[in-house]
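Structure below is structure.cif: mmCIF, C-alpha atoms.
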```cif
data_structure
loop_
_atom_site.label_atom_id
_atom_site.label_comp_id
_atom_site.auth_asym_id
_atom_site.auth_seq_id
_atom_site.Cartn_x
_atom_site.Cartn_y
_atom_site.Cartn_z
CA MET I 1 113.29 91.00 176.97
CA LYS I 2 110.75 89.53 174.65
CA LYS I 3 107.72 91.68 174.24
CA TYR I 4 104.28 90.25 174.24
CA ASN I 5 101.26 91.85 172.68
CA PHE I 6 97.68 90.87 173.08
CA ASN I 7 97.70 88.37 170.24
CA THR I 8 100.98 86.86 171.30
CA ILE I 9 99.69 86.28 174.75
CA ASN I 10 96.46 84.88 173.45
CA ASN I 11 98.28 82.46 171.21
CA LEU I 12 100.90 81.56 173.72
CA THR I 13 101.30 77.80 174.22
CA THR I 14 101.88 76.69 177.76
CA PRO I 15 105.29 75.05 177.94
CA GLU I 16 105.08 71.29 178.58
CA GLY I 17 107.45 71.68 181.50
CA TRP I 18 104.93 73.87 183.26
CA ILE I 19 102.25 71.25 182.85
CA GLU I 20 104.46 68.41 184.09
CA LYS I 21 105.42 70.42 187.14
CA ALA I 22 101.78 71.15 187.82
CA LEU I 23 100.97 67.45 187.55
CA GLU I 24 103.57 66.64 190.22
CA ILE I 25 101.83 68.86 192.71
CA PRO I 26 99.69 66.06 194.28
CA GLN I 27 102.77 63.95 195.09
CA LEU I 28 104.59 66.97 196.49
CA GLU I 29 101.57 67.87 198.59
CA GLU I 30 101.36 64.34 199.96
CA LYS I 31 105.03 64.45 200.89
CA ARG I 32 104.55 67.83 202.53
CA ARG I 33 101.56 66.58 204.55
CA SER I 34 103.41 63.53 205.84
CA GLU I 35 106.32 65.77 206.80
CA VAL I 36 103.94 68.09 208.63
CA ARG I 37 102.31 65.12 210.35
CA ARG I 38 105.67 63.77 211.47
CA ARG I 39 106.71 67.20 212.69
CA SER I 40 103.48 67.68 214.59
CA VAL I 41 103.89 64.31 216.30
CA ARG I 42 107.40 65.30 217.24
CA TYR I 43 106.19 68.63 218.61
CA ALA I 44 103.35 66.95 220.48
CA SER I 45 105.67 64.47 222.15
CA LEU I 46 108.10 67.26 223.00
CA ALA I 47 105.30 69.31 224.52
CA ALA I 48 104.08 66.28 226.48
CA SER I 49 107.58 65.68 227.84
CA ILE I 50 107.90 69.27 228.91
CA VAL I 51 104.52 69.15 230.64
CA LEU I 52 105.44 65.90 232.38
CA VAL I 53 108.78 67.19 233.57
CA GLY I 54 107.13 70.38 234.76
CA ALA I 55 104.48 68.45 236.66
CA LEU I 56 107.12 66.23 238.30
CA ALA I 57 109.13 69.27 239.29
CA VAL I 58 106.07 70.88 240.86
CA ILE I 59 105.19 67.70 242.76
CA LEU I 60 108.73 67.29 244.05
CA PHE I 61 108.88 70.93 245.06
CA MET I 62 105.61 70.69 246.92
CA ASN I 63 106.61 67.50 248.70
CA LYS I 64 109.86 69.06 249.72
CA GLY I 65 108.00 72.07 251.06
CA ASN I 66 105.71 69.89 253.15
CA GLN I 67 108.50 68.25 255.08
CA PRO I 68 108.67 69.52 258.66
CA PRO I 69 111.74 71.53 259.52
CA VAL I 70 114.50 69.65 261.21
CA VAL I 71 114.52 70.47 264.87
CA THR I 72 118.01 70.81 266.18
CA ALA I 73 117.26 72.12 269.61
CA PRO I 74 119.54 70.66 272.26
CA MET I 75 117.86 68.05 274.34
CA THR I 76 118.40 67.24 278.00
CA SER I 77 119.65 63.85 278.92
CA GLU I 78 116.36 62.76 280.35
CA THR I 79 112.90 63.27 279.06
CA VAL I 80 111.00 65.77 281.06
CA SER I 81 107.51 64.79 281.98
CA TYR I 82 105.06 66.10 284.36
CA ASP I 83 105.61 64.29 287.58
CA PHE I 84 102.31 63.43 289.07
CA GLU I 85 104.02 61.79 292.03
CA ARG I 86 105.55 65.03 293.21
CA SER I 87 102.41 67.01 292.70
CA THR I 88 100.38 64.68 294.84
CA GLN I 89 102.89 64.84 297.65
CA ALA I 90 102.37 68.56 298.18
CA PRO I 91 99.70 69.48 300.62
CA THR I 92 97.76 72.02 298.62
CA HIS I 93 94.28 72.93 297.66
CA PRO I 94 91.86 70.18 298.46
CA ALA I 95 90.21 70.27 295.07
CA THR I 96 93.55 69.71 293.44
CA VAL I 97 94.23 66.77 295.64
CA ALA I 98 90.87 65.35 294.82
CA ALA I 99 91.53 65.75 291.12
CA THR I 100 95.03 64.37 291.09
CA ALA I 101 94.84 61.71 293.73
CA ALA I 102 91.63 60.24 292.49
CA PRO I 103 92.36 56.66 293.40
CA THR I 104 93.24 57.58 296.94
CA VAL I 105 90.30 59.90 297.29
CA ALA I 106 88.06 57.20 295.97
CA ALA I 107 89.62 54.81 298.42
CA ALA I 108 89.12 57.22 301.24
CA THR I 109 85.56 57.92 300.43
CA ALA I 110 84.92 54.31 299.82
CA ALA I 111 85.64 53.77 303.46
CA GLN I 112 82.51 55.58 304.31
CA PRO I 113 79.92 53.55 302.48
CA THR I 114 78.71 51.92 305.64
CA VAL I 115 78.44 55.26 307.29
CA ALA I 116 76.57 56.72 304.35
CA ALA I 117 74.42 53.68 304.11
CA ALA I 118 73.64 53.92 307.72
CA ARG I 119 72.66 57.47 307.31
CA ALA I 120 70.56 56.65 304.34
CA THR I 121 68.67 53.97 306.10
CA ALA I 122 68.27 55.84 309.29
CA PRO I 123 64.58 56.23 309.81
CA THR I 124 63.38 59.69 310.04
CA GLN I 125 61.81 60.35 313.33
CA PRO I 126 59.01 62.76 313.37
CA GLY I 127 60.20 65.97 314.76
CA THR I 128 63.72 65.01 314.37
CA GLN I 129 65.59 67.41 312.33
CA ASN I 130 68.83 65.65 312.42
CA ALA I 131 68.06 62.86 310.06
CA VAL I 132 69.87 63.40 306.84
CA PHE I 133 69.68 61.30 303.80
CA SER I 134 73.04 60.92 302.25
CA PRO I 135 73.42 59.16 298.97
CA GLU I 136 75.96 56.44 298.69
CA PRO I 137 79.38 57.28 297.42
CA SER I 138 78.77 55.22 294.37
CA ASP I 139 75.85 57.44 293.34
CA ILE I 140 76.50 59.99 290.71
CA SER I 141 74.98 62.69 292.83
CA TYR I 142 77.20 61.93 295.70
CA GLU I 143 78.85 64.96 297.11
CA PRO I 144 80.87 64.76 300.22
CA THR I 145 79.06 66.63 302.89
CA GLN I 146 82.15 66.73 304.96
CA PRO I 147 85.44 68.07 303.85
CA VAL I 148 87.32 65.53 301.90
CA ILE I 149 89.52 63.54 304.17
CA GLU I 150 93.05 63.95 303.12
CA PRO I 151 94.45 60.69 301.91
CA ASP I 152 97.07 58.78 303.73
CA ILE I 153 99.75 60.22 301.54
CA SER I 154 99.62 63.37 303.62
CA THR I 155 101.30 61.44 306.36
CA GLN I 156 103.84 60.22 303.88
CA ALA I 157 104.90 63.71 302.90
CA PRO I 158 108.52 64.24 303.70
CA THR I 159 109.25 66.53 306.54
CA GLN I 160 110.06 69.89 305.16
CA PRO I 161 111.56 72.84 306.89
CA PRO I 162 109.11 75.55 307.85
CA ALA I 163 107.97 77.94 305.21
CA PRO I 164 110.45 80.73 304.65
CA THR I 165 109.69 84.06 306.16
CA GLN I 166 110.21 85.72 302.88
CA ALA I 167 108.25 83.20 300.95
CA PRO I 168 106.53 84.35 297.82
CA THR I 169 103.54 86.53 298.45
CA GLN I 170 101.32 84.43 296.28
CA PRO I 171 99.82 81.41 298.00
CA PRO I 172 101.56 78.31 296.76
CA LYS I 173 99.71 76.70 294.02
CA ASP I 174 100.15 73.69 291.96
CA ALA I 175 100.98 73.77 288.34
CA PRO I 176 98.27 75.58 286.41
CA THR I 177 95.53 73.27 285.34
CA GLU I 178 93.95 75.79 283.01
CA ALA I 179 95.50 76.84 279.73
CA PRO I 180 97.70 79.89 280.22
CA LYS I 181 97.07 82.96 278.19
CA ASP I 182 99.87 82.40 275.75
CA LYS I 183 100.11 78.73 275.11
CA LEU I 184 98.80 75.42 276.21
CA PRO I 185 101.48 73.49 278.09
CA ASP I 186 102.39 70.43 276.23
CA LEU I 187 102.28 67.73 278.86
CA ALA I 188 103.88 65.28 276.53
CA ALA I 189 107.59 65.14 276.59
CA VAL I 190 108.68 68.74 276.40
CA GLY I 191 112.15 70.01 276.61
CA TYR I 192 113.30 73.53 276.51
CA ASP I 193 116.42 75.42 276.56
CA GLY I 194 117.31 77.66 279.43
CA ILE I 195 119.68 77.88 282.32
CA ILE I 196 119.75 80.49 284.99
CA ILE I 197 123.17 81.33 286.39
CA GLU I 198 124.20 83.74 289.08
CA ASP I 199 127.35 84.45 291.01
CA ILE I 200 126.94 85.00 294.72
CA SER I 201 129.54 86.06 297.23
CA ALA I 202 130.75 83.16 299.32
CA ASP I 203 130.46 85.28 302.43
CA GLU I 204 126.72 85.29 302.10
CA LEU I 205 126.55 81.55 301.93
CA GLY I 206 127.50 78.88 304.28
CA ASP I 207 129.45 75.93 303.02
CA ASP I 208 126.50 73.68 303.29
CA SER I 209 123.81 76.10 302.38
CA ILE I 210 121.07 74.69 300.27
CA ILE I 211 120.23 76.96 297.42
CA CYS I 212 116.93 76.92 295.68
CA CYS I 213 115.50 78.75 292.74
CA ARG I 214 112.02 79.68 291.83
CA ILE I 215 110.75 81.18 288.61
CA TYR I 216 107.70 83.32 287.97
CA THR I 217 105.77 84.13 284.84
CA ARG I 218 105.37 87.65 283.60
CA ASP I 219 102.10 87.78 285.49
CA GLY I 220 103.86 86.91 288.67
CA GLU I 221 102.59 83.37 288.82
CA PRO I 222 105.06 80.88 290.24
CA VAL I 223 105.96 78.02 288.00
CA GLY I 224 106.38 74.55 289.30
CA ASP I 225 105.87 72.91 292.61
CA GLY I 226 104.15 74.90 295.29
CA ASP I 227 106.59 73.61 297.83
CA SER I 228 109.45 76.02 297.60
CA TYR I 229 111.87 73.52 298.96
CA SER I 230 110.94 70.53 296.89
CA ASP I 231 113.57 68.91 294.75
CA GLU I 232 112.40 70.66 291.65
CA HIS I 233 113.51 73.99 293.06
CA LEU I 234 116.92 72.78 294.05
CA ALA I 235 119.70 74.75 292.43
CA ARG I 236 123.26 73.66 292.03
CA ARG I 237 126.34 75.42 293.24
CA ILE I 238 129.90 75.58 292.15
CA ASP I 239 132.26 76.93 294.74
CA ARG I 240 134.98 79.04 293.24
CA GLY I 241 136.72 80.47 296.22
CA GLU I 242 135.34 83.88 296.97
CA GLU I 243 132.37 83.42 294.78
CA VAL I 244 129.83 80.75 294.36
CA THR I 245 128.18 80.14 291.06
CA VAL I 246 124.69 78.94 291.39
CA TYR I 247 122.67 77.68 288.53
CA TYR I 248 119.28 76.29 287.94
CA ILE I 249 117.97 74.40 284.94
CA PRO I 250 114.18 74.69 284.79
CA CYS I 251 113.86 72.02 282.13
CA ASP I 252 114.92 69.44 284.63
CA TYR I 253 111.78 69.95 286.61
CA VAL I 254 108.98 71.99 285.22
CA VAL I 255 106.99 72.74 282.13
CA LEU I 256 107.09 76.32 280.98
CA PRO I 257 103.84 77.74 279.68
CA TYR I 258 105.44 80.03 277.10
CA ASN I 259 108.62 81.15 275.47
CA GLY I 260 109.56 84.40 277.00
CA VAL I 261 110.94 86.27 279.96
CA TYR I 262 110.59 84.81 283.45
CA ARG I 263 111.56 86.33 286.76
CA TYR I 264 113.66 84.23 289.07
CA GLU I 265 115.02 84.33 292.56
CA PHE I 266 117.61 82.26 294.31
CA TYR I 267 117.13 81.72 298.04
CA ASP I 268 118.63 79.66 300.75
CA GLU I 269 117.01 77.17 303.09
CA THR I 270 115.91 79.90 305.42
CA GLY I 271 114.07 81.66 302.69
CA ARG I 272 116.56 84.47 302.47
CA ILE I 273 116.63 85.85 298.94
CA LEU I 274 120.15 85.70 297.61
CA CYS I 275 119.60 87.28 294.23
CA THR I 276 116.89 87.94 291.68
CA GLY I 277 116.72 88.61 288.01
CA SER I 278 114.95 87.79 284.80
CA GLU I 279 115.83 85.44 282.03
CA TYR I 280 114.46 84.48 278.64
CA LEU I 281 113.44 80.86 278.69
CA MET I 282 112.20 78.75 275.81
CA THR I 283 110.05 75.77 275.59
CA GLU I 284 110.15 73.62 272.50
CA SER I 285 108.49 70.43 271.70
CA ILE I 286 110.96 67.74 270.95
CA ASN I 287 108.41 65.62 269.22
CA MET J 1 90.28 60.73 193.97
CA LYS J 2 88.91 64.24 193.93
CA LEU J 3 87.11 65.44 190.82
CA TYR J 4 86.96 68.99 189.58
CA ALA J 5 83.66 69.56 187.79
CA GLY J 6 83.82 65.93 186.72
CA LEU J 7 87.45 66.15 185.60
CA THR J 8 90.43 64.56 187.24
CA TYR J 9 93.22 66.81 188.34
CA GLU J 10 95.36 65.95 185.32
CA GLN J 11 92.48 66.59 182.95
CA ALA J 12 91.75 69.95 184.57
CA VAL J 13 95.42 70.99 184.30
CA ARG J 14 95.76 70.08 180.69
CA LYS J 15 92.44 71.63 179.68
CA TYR J 16 92.89 75.03 181.32
CA ALA J 17 96.66 75.50 181.31
CA GLN J 18 96.48 77.90 178.35
CA ASN J 19 93.85 80.10 179.95
CA VAL J 20 95.81 80.32 183.18
CA THR J 21 99.02 81.12 181.31
CA SER J 22 97.38 83.93 179.32
CA ALA J 23 95.81 85.43 182.42
CA CYS J 24 99.18 85.48 184.17
CA MET J 25 101.04 86.85 181.16
CA MET J 26 98.47 89.59 180.63
CA ARG J 27 99.65 91.26 183.82
CA LEU J 28 103.17 90.00 184.33
CA GLN J 29 104.53 90.13 180.77
CA ASN J 30 107.27 87.75 181.86
CA MET J 31 107.43 83.96 181.37
CA ASP J 32 109.45 83.26 184.49
CA ASP J 33 107.14 85.23 186.73
CA ALA J 34 104.11 83.80 184.96
CA GLU J 35 105.37 80.26 185.60
CA ASP J 36 105.42 80.88 189.37
CA CYS J 37 101.87 82.19 189.30
CA PHE J 38 100.85 79.31 187.01
CA GLN J 39 102.14 76.73 189.51
CA ASN J 40 100.63 78.58 192.47
CA THR J 41 97.25 78.57 190.75
CA PHE J 42 97.21 74.80 190.38
CA VAL J 43 98.56 74.28 193.87
CA LYS J 44 95.53 76.16 195.11
CA LEU J 45 93.32 74.07 192.88
CA PHE J 46 94.65 70.90 194.46
CA ARG J 47 94.74 72.13 198.08
CA ASN J 48 91.57 74.06 198.67
CA SER J 49 89.30 74.38 195.69
CA PRO J 50 85.53 74.37 196.21
CA ARG J 51 83.03 72.01 194.65
CA PHE J 52 82.48 73.21 191.09
CA ARG J 53 79.04 73.26 189.60
CA ASP J 54 80.35 72.78 186.07
CA GLU J 55 83.42 73.37 183.93
CA GLU J 56 82.59 77.02 183.38
CA HIS J 57 82.63 77.48 187.08
CA LEU J 58 86.00 75.72 187.22
CA LYS J 59 87.44 77.89 184.44
CA ALA J 60 86.17 81.10 186.01
CA TRP J 61 87.66 80.07 189.32
CA LEU J 62 91.04 79.29 187.77
CA LEU J 63 91.17 82.64 185.95
CA ARG J 64 90.26 84.52 189.10
CA VAL J 65 93.00 82.76 191.07
CA ALA J 66 95.53 83.33 188.28
CA ILE J 67 94.76 87.08 188.12
CA ASN J 68 94.93 87.41 191.90
CA GLU J 69 98.20 85.49 192.01
CA SER J 70 99.65 87.83 189.39
CA LYS J 71 98.52 90.89 191.33
CA ASN J 72 99.98 89.54 194.54
CA TYR J 73 103.20 88.61 192.79
CA ILE J 74 103.66 92.16 191.50
CA ARG J 75 102.76 93.64 194.87
CA ASP J 76 105.17 91.38 196.72
CA ASN J 77 107.98 91.96 194.27
CA ARG J 78 107.17 95.65 193.84
CA ARG J 79 107.53 95.41 190.15
CA GLU J 80 105.16 96.53 187.51
CA LEU J 81 105.99 96.95 183.93
CA PRO J 82 105.67 100.61 183.01
CA LEU J 83 103.48 101.48 180.13
CA ASP J 84 106.42 102.90 178.18
CA HIS J 85 107.86 99.41 178.25
CA PHE J 86 106.01 98.91 175.03
CA SER J 87 107.43 101.95 173.39
CA GLU J 88 109.68 99.80 171.26
CA GLN J 89 107.57 97.53 169.20
CA PRO J 90 108.75 94.74 167.02
CA ALA J 91 107.78 94.64 163.36
CA PRO J 92 104.24 93.46 163.17
CA SER J 93 103.32 90.50 161.04
CA SER J 94 99.99 92.02 160.19
CA GLU J 95 99.70 95.74 160.51
CA ASP J 96 96.14 96.06 161.78
CA GLU J 97 96.31 93.14 164.06
CA SER J 98 99.55 94.08 165.64
CA ASP J 99 98.57 97.68 166.19
CA ILE J 100 95.53 96.67 168.10
CA SER J 101 97.49 94.07 169.97
CA TRP J 102 100.14 96.51 170.99
CA ALA J 103 97.64 99.16 171.72
CA LEU J 104 95.88 96.78 174.02
CA MET J 105 99.11 96.13 175.85
CA LYS J 106 99.44 99.83 176.45
CA LEU J 107 96.29 99.85 178.50
CA GLU J 108 96.52 99.79 182.25
CA PRO J 109 96.39 96.20 183.52
CA LYS J 110 92.92 96.55 185.07
CA TYR J 111 91.43 97.56 181.71
CA ARG J 112 93.55 95.07 179.90
CA GLU J 113 92.22 92.20 181.97
CA ILE J 114 88.61 93.15 181.53
CA LEU J 115 89.00 93.56 177.78
CA TYR J 116 90.87 90.24 177.57
CA LEU J 117 88.15 88.43 179.49
CA PHE J 118 85.44 90.14 177.51
CA TYR J 119 86.84 89.83 174.01
CA ILE J 120 89.20 86.89 174.14
CA GLU J 121 87.62 84.65 176.73
CA GLU J 122 84.17 85.90 175.72
CA TYR J 123 82.85 86.22 179.23
CA ARG J 124 79.72 88.19 180.03
CA VAL J 125 79.90 91.22 182.29
CA SER J 126 78.36 89.31 185.20
CA GLU J 127 80.86 86.50 184.78
CA ILE J 128 83.75 88.97 184.59
CA ALA J 129 82.38 90.59 187.74
CA GLN J 130 82.44 87.20 189.49
CA ILE J 131 85.93 86.40 188.30
CA LEU J 132 87.36 89.72 189.35
CA GLY J 133 85.25 90.00 192.47
CA LYS J 134 83.80 93.30 191.38
CA ASN J 135 80.37 94.79 191.01
CA PRO J 136 78.90 94.21 187.52
CA ASN J 137 78.32 97.95 187.16
CA THR J 138 81.96 98.52 187.96
CA VAL J 139 82.93 96.03 185.27
CA LYS J 140 80.68 97.80 182.75
CA THR J 141 82.25 101.13 183.62
CA MET J 142 85.77 99.78 183.40
CA LEU J 143 84.95 98.07 180.12
CA SER J 144 83.68 101.35 178.71
CA ARG J 145 86.69 103.27 179.94
CA GLY J 146 89.02 100.58 178.60
CA ARG J 147 87.50 100.94 175.15
CA ASP J 148 87.82 104.72 175.32
CA ARG J 149 91.40 104.41 176.41
CA LEU J 150 92.14 101.98 173.61
CA ARG J 151 90.55 104.40 171.15
CA GLN J 152 92.82 107.12 172.42
CA ILE J 153 95.94 104.93 172.21
CA TYR J 154 95.11 103.42 168.91
CA GLY J 155 94.09 106.78 167.60
CA GLY J 156 97.49 108.21 168.58
CA ASP J 157 96.15 110.38 171.39
CA GLU J 158 97.73 108.99 174.58
CA SER J 159 97.04 111.81 176.92
#
```

Turn this file's structure into structure tokens for me.
Amino acid sequence: MKKYNFNTINNLTTPEGWIEKALEIPQLEEKRRSEVRRRSVRYASLAASIVLVGALAVILFMNKGNQPPVVTAPMTSETVSYDFERSTQAPTHPATVAATAAPTVAAATAAQPTVAAARATAPTQPGTQNAVFSPEPSDISYEPTQPVIEPDISTQAPTQPPAPTQAPTQPPKDAPTEAPKDKLPDLAAVGYDGIIIEDISADELGDDSIICCRIYTRDGEPVGDGDSYSDEHLARRIDRGEEVTVYYIPCDYVVLPYNGVYRYEFYDETGRILCTGSEYLMTESIN
Amino acid sequence: MKLYAGLTYEQAVRKYAQNVTSACMMRLQNMDDAEDCFQNTFVKLFRNSPRFRDEEHLKAWLLRVAINESKNYIRDNRRELPLDHFSEQPAPSSEDESDISWALMKLEPKYREILYLFYIEEYRVSEIAQILGKNPNTVKTMLSRGRDRLRQIYGGDES
């Protein structure tokens, strides 16, 4: 290798090739910058695409998550709805009748305007303590001073057999008007799944025995019509020789307040309890 | 077009190429290695040089970059010419001149650079301090030690 001393180095001439290479540096730098610019644009567009795809994926995922689950619960052939007709036919608590049979109550009370008016206009005789001012039925403050006259529909109630001797201990009530503890009954079309089946010895039943079923909540409250022998308590029977299979489908008649266990009892037209048990019944909205 | 202390890029390259080459060779002792550092120095001049007050400022800046490039090159390549590299000396053309020249090459690079800048480039201590990024007192001390070392080498006492 060539050795260089101080003087040699000091007198060294820079090769022309070095200088020419150094003079090309600006062009090379310009080329490098344009390459970098092109690369950065490419990277920016790639990053933008990734962000866009990611955003679309997130949006699709969130939309998919928001879709309601498909309800595949089996539905009954007919839509179950609360039958106001049946409820008004049952002779029950007067307040309930007044609430449910409003038109007829209004009609009944409307029949008394002349009487009320007469009372209202009756001059008060001094010393008379019998004069009573009664506001007209149309007044807001009107309150019937006499028990509400049952509407004519009471006479239209079908003749029912006498109450069974072993009727439920609880006084018959109409369907609960207040929200139950667990869940508000959905009075819109509600269907639920549940069938109660029992096998009963044919000896216990007559050929023509009518079999009914009643269900009770876990609190012991009866569900459904207060009339134990109304159609909504009618069970069906399948005679199979020595045994009779009876079954009852609550969804055909009533609205269950909750998903859960209910007590049931099958009884005949005399009120004799044929069998009891408990069953898990479900209510699901089909909407 | 950018100007460097009033000079175009081409003018600056042609004017200070020799100084940059010498500064690189002083440490590297190898033309191929020195060429890399030479090119790197002018790349830095083109890419990110400051505004120069005058040509002296430009020259000082170029020398500083060239010396730093040479140092970095040696560090990165883990190669430094040993001092006994100069044990074999070619026949001098002039006896006195060559002895001093070779003796100078026997100095450690840090002393060699300072002596080169002081005696050959004729920089003042403060300017050398700016070029090398050192304290002026440090430069004075190294200059003094370099001379003592040279005296020892030239005088035949290399201990």

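Selection check: the PyMOL selection byres ((chain I) within 8 of (chain J)) on the shown file gives Lys3, Tyr4, Asn5, Phe6, Asn7, Ile9, Asn10, Leu12, Thr13, Thr14, Trp18, Ile19, Lys21, Ala22, Leu23, Ile25 and Pro26 of chain I.
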
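Compared by their closest atoms to Val244 of chain I, and using only C-alpha atoms, the residues I:Ser45, I:Asn11, I:Ser201, I:Ser34 rank with I:Ser201 nearest.
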
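When atom CA of Met142 of chain J is paired with atom CA of Arg53 of chain J, their separation reads 28.1 Å.
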
*Closest of J:Gln152, J:Tyr4, J:Leu117, J:Leu63 to Asn48 of chain J - atom-to-atom distances counting all atoms listed in the file*: J:Tyr4

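Using only C-alpha atoms, the nearest neighbour of Arg75 of chain J within the list J:Leu62, J:Val139, J:Leu115, J:Leu28 is J:Leu28.
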
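The coordinates place atom CA of Ser209 of chain I at 9.3 Å from atom CA of Thr270 of chain I.
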
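The spacing separating atom CA of Leu234 of chain I from atom CA of Tyr264 of chain I amounts to 12.9 Å.
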
*Residues in the PyMOL selection byres ((chain J and resi 125-131) around 10), expressed as a VMD selection string*: chain J and resid 56 to 57 59 to 65 67 to 68 113 to 115 117 to 118 121 to 124 132 to 140 143

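Considering the residues I:Glu24, I:Asp268, I:Asp252, I:Glu16 and counting all atoms listed in the file, Gly194 of chain I has its shortest atom-to-atom contact with I:Asp252.
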
*Within 9 Å of (91.9, 101.5, 173.7), in the coordinates the file gives, what residues turn up when you count all atoms listed in the file, written out as a ChimeraX atom specification?*
/J:100,103-104,106-107,111,145-155
